[in-house]
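Structure record follows, encoded as structure tokens.
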Amino acid sequence: MNREDDNHKSAEQAIRQMDHLTEITAGELRATLSDPERFRACCDLMEISRIMQEDAAGNPLPEVEKAWDDFRTRNNLSRKRRHTLPRKILGRIAVVAAVVAALIALTLRRFDRPGTSDPVTVFLADDKAQQIILQTSSGHQVAIEEAGDTTLTRIGVIRQKGDDREGAPDYRALAAHPAAEATEMYTLSTPRGKDFKMLLSDGTEVWLNAESRLEYPATFSGKQREVRLTGEACFTVAPDAGRPFLIRTDHLQTRVLGTEFNVCSYTATNSHVTLIDGSVEVASGQGTDFIRIAPGEDAALCDDGSFLVREVDLSSYIYRKEGYFYYDNVTLEEIMQHLGRWYNVTVKFQHRDAMKYRMHFLSNREAGLDFAILLLNRMEKVSILRQGDTLTVR
């Protein structure tokens with residue numbers, strides 16, 4: 001078959017695709033991408049459709065005939081085919097543009113995307129029951145959302161009332177009961193997909209993020225107020241100049257007198273403190289050299305135990321309290337880990353380089369996982385596929 005016949009065949013295949021847009025399969029899309037002539041013909045058809053759309057809107061564009069003549073000449077089509085095709089395409093202009101735009105985007109990604117490697121799992125789903133659990137050092141354990149006031153009082157805690165959700169019980173807020181034993185220790189654990197607000201005995205407010213754990217005493221005694229955190233929490237510390245407040249994690253320490261700040265310490269590579277208001281001092285887990293950061297600054301723990309201090313957008317912490325995901329120039333790996341933690345899904349990356357893409361992203365958590373995926377896919381940086389409780393970033 002000579003080149004002229006090849007061109008004719010590619011053009012006919014492109015036309016058939018445009019005539020049956022709703023039936024195009026993934027295999028046909030790949031075939032189009034691998035056939036330069038067919039892909040070019042699809043692009044030509046999209047340009048013709050664009051001209052026809054503008055012409056239909058009343059714009060003085062007498063280029064339709066010329067465009068079809070050029071297309072017919074390049075692809076050796078008969079004039080009969082030329083005259084019958086426009087009427088079929090006219091009703092599918094928007095779909096044609098979308099399909100070809102997708103083909104172009106896929107082609108650009110094929111040349112721009114890093115080479116395929118073994119998938120990298122950055123987060124694993126957990127099939128265990130997801131409950132907020134309160135444990136005491138005396139051996140009691142309750143699921144907060146199932147426990148009544150009597151049960152909570154029996155173990156020395158009270159449930160806060162006056163929530164703004166039209167009188168609904170505020171299961172998120174707990175405080176130590178005045179009659180609780182001073183030596184009693186509590187451990188409150190949040191599951192994936194749920195956060196929790198609590199008040200400590202000194203009036204400090206703690207907003208515990210998903211999949212986090214806080215260990216704290218019924219009442220604070222001694223020269224400092226100390227708690228232990230695993231995961232992430234936002235603290236609004238009650239002022240007490242005589243007793244600094246200390247948060248310990250496996251990887252860092254945060255010391256304050258009275259302020260609002262966020263501590264994240266899920267792993268050693270994701271441990272940092274962000275100051276919202278006031279002043280805090282930060283040191284590595286076993287260190288004694290504290291550094292001080294200012295409002296709007298974030299101190300991230302480095303491998304050598306030092307800290308990288310940089311200015312950050314505090315909007316993410318404000319939006320989080322309002323029920324949103326908000327990320328400003330954050331890696332896609334971190335965004336996907338947060339989605340995995342909140343919706344309890346496994347997250348895999350097909351391309352390691354994509355994990356380091358930095359993005360700006362905002363989504364309402366209550367809108368659900370599929371909505372977040374839709375928004376991310378619309379950014380056309382990657383393609384995210386959901387299969388059950390697994391997300392694959394391609």
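In the structure tokens, each chain is lettered A, B, ... as it comes, each chain's residues begin at 1, and ligands are numbered from 1 in order of appearance.
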Exercise. Using only C-alpha atoms, determine which residues lie at most 6 Å from Val282 in chain A, disregarding the query and same-chain residues fewer than 3 positions distant; provide the list as a VMD selection string.
Key: chain A and resid 253 to 254 290 to 291
Output N, CA and C atoms for every residue in that selection, as an mmCIF file, in the first residue's frame.
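What ended up in part_20.cif:
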```
data_model
loop_
_atom_site.group_PDB
_atom_site.id
_atom_site.type_symbol
_atom_site.label_atom_id
_atom_site.label_comp_id
_atom_site.auth_asym_id
_atom_site.auth_seq_id
_atom_site.Cartn_x
_atom_site.Cartn_y
_atom_site.Cartn_z
ATOM 1 N N GLN A 253 9.785 17.754 69.811
ATOM 2 C CA GLN A 253 9.190 18.339 71.002
ATOM 3 C C GLN A 253 8.776 19.768 70.682
ATOM 4 N N THR A 254 7.638 20.178 71.228
ATOM 5 C CA THR A 254 7.170 21.542 71.044
ATOM 6 C C THR A 254 6.842 22.121 72.415
ATOM 7 N N PHE A 290 16.423 24.050 71.531
ATOM 8 C CA PHE A 290 15.151 24.483 70.967
ATOM 9 C C PHE A 290 15.372 25.698 70.066
ATOM 10 N N ILE A 291 14.610 25.755 68.969
ATOM 11 C CA ILE A 291 14.595 26.943 68.132
ATOM 12 C C ILE A 291 13.216 27.571 68.226
#
```
Quiz item: Could you name the residues that touch Ser138 in chain A at 10 Å or less, counting only C-alpha atoms, but leaving out those on the same chain fewer than 3 positions away, as number ranges by chain?
Solution: A: 135, 141, 155, 183-186
Quiz item: Separation of CA of Ala180 in chain A and CA of Thr153 in chain A, in Å?
Solution: 9.0 Å
Practice problem: Considering only C-alpha atoms, return as a list of chain:residue names whatever protein or nucleic-acid residues lie within 8 Å of Gln286 in chain A, sequence-local ones (same chain, fewer than 3 positions apart) excluded. | Solution: A:His251, A:Leu252, A:Ala283
Self-check item: Picked from range 92-337 of chain A by DSSP as strand (DSSP E or B), as a PyMOL selection string
Solution: chain A and resi 120-123+133-136+141-143+157-159+174-176+185-189+196-199+205-208+213-217+225-236+245-248+252-256+260-267+270-277+280-284+291-293+297-301+307-311+324-331
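CA of Leu174 in chain A lies 22.7 Å from CA of Gly222 in chain A.
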Practice problem: Write out as a list in words which residues come within 12 Å of Val330 in chain A when counting only C-alpha atoms, dropping same-chain ones fewer than 5 positions away. | Solution: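 The residues satisfying every condition are Val312, Asp313, Ser316, Phe325, Ile335, Met336, Gln337, His338, Met355, Lys356, Tyr357, Arg358, Met359, His360, Phe361 and Leu362 of chain A.
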Write a file of the selected residues as a CSV table (one decimal), in the first residue's frame, keeping C-alpha atoms.
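Heads up, here's the output in result-v8.csv:
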```csv
chain,number,residue,atom,x,y,z
A,312,VAL,CA,3.6,29.1,54.9
A,313,ASP,CA,0.0,29.9,54.1
A,316,SER,CA,-5.0,25.3,55.2
A,325,PHE,CA,-8.9,20.0,52.2
A,335,ILE,CA,-2.2,15.3,49.2
A,336,MET,CA,-2.9,11.7,48.2
A,337,GLN,CA,-1.8,10.5,51.6
A,338,HIS,CA,-4.2,12.9,53.3
A,355,MET,CA,4.8,12.0,43.7
A,356,LYS,CA,6.9,15.2,43.8
A,357,TYR,CA,4.5,17.3,41.7
A,358,ARG,CA,3.6,20.4,43.7
A,359,MET,CA,0.0,21.5,43.5
A,360,HIS,CA,-2.7,23.9,44.7
A,361,PHE,CA,-5.9,22.1,45.7
A,362,LEU,CA,-9.1,22.8,47.5
```
Self-check item: Distance query range 124-129 of chain A at most 10 Å, only C-alpha atoms, self and fewer than 5 positions along chain excluded, as a list in words
Solution: Pro191, Arg192, Gln337, Gly340, Arg341, Tyr343, Asn344, Val345, Thr346, Val347, Lys348, Asp389 and Thr390 of chain A
Could those selected residues go to a file with C-alpha atoms, as a PDB file, in the first residue's frame?
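What landed in part-v5.pdb:
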```pdb
ATOM      1  CA  PRO A 191      -9.684   6.562  63.239  1.00  0.00           C
ATOM      2  CA  ARG A 192      -9.390   7.401  59.580  1.00  0.00           C
ATOM      3  CA  GLN A 337      -1.753  10.464  51.644  1.00  0.00           C
ATOM      4  CA  GLY A 340      -6.055   8.051  51.800  1.00  0.00           C
ATOM      5  CA  ARG A 341      -6.083   8.737  55.529  1.00  0.00           C
ATOM      6  CA  TYR A 343     -11.298   8.174  53.196  1.00  0.00           C
ATOM      7  CA  ASN A 344      -9.375   5.036  54.224  1.00  0.00           C
ATOM      8  CA  VAL A 345      -8.228   3.967  50.760  1.00  0.00           C
ATOM      9  CA  THR A 346      -4.976   2.547  49.402  1.00  0.00           C
ATOM     10  CA  VAL A 347      -2.994   4.970  47.240  1.00  0.00           C
ATOM     11  CA  LYS A 348      -0.487   3.874  44.584  1.00  0.00           C
ATOM     12  CA  ASP A 389     -10.762   1.098  47.949  1.00  0.00           C
ATOM     13  CA  THR A 390      -7.633   1.601  45.818  1.00  0.00           C
TER      14      THR A 390
END
```
Quiz item: So which residues touch Thr219 in chain A within 12 Å, counting only C-alpha atoms, skipping near sequence neighbours fewer than 3 positions away, as a VMD selection string?
Solution: chain A and resid 156 to 157 175 to 186 199 to 204 216 222 224 to 227
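One finds CA of Ile133 in chain A at 9.9 Å from CA of Glu146 in chain A.
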Quiz prompt | DSSP alpha helix (DSSP H) residues within range 112-314 of chain A, as a PyMOL selection string | solution = chain A and resi 112+149-154
Quiz item: What lies within 7 Å of Val206 in chain A using only C-alpha atoms, ignoring chain neighbours under 2 positions off, as JSON, numbers by chain?
Solution: {"A": [197, 198, 199, 204, 208, 233, 234, 235, 236]}
Quiz item: Closest to Ala367 in chain A among A:Asp304, A:Arg154, A:Thr392, A:Tyr324, using only C-alpha atoms?
Solution: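 Among A:Asp304, A:Arg154, A:Thr392, A:Tyr324, it is A:Tyr324 that comes nearest to Ala367 in chain A.
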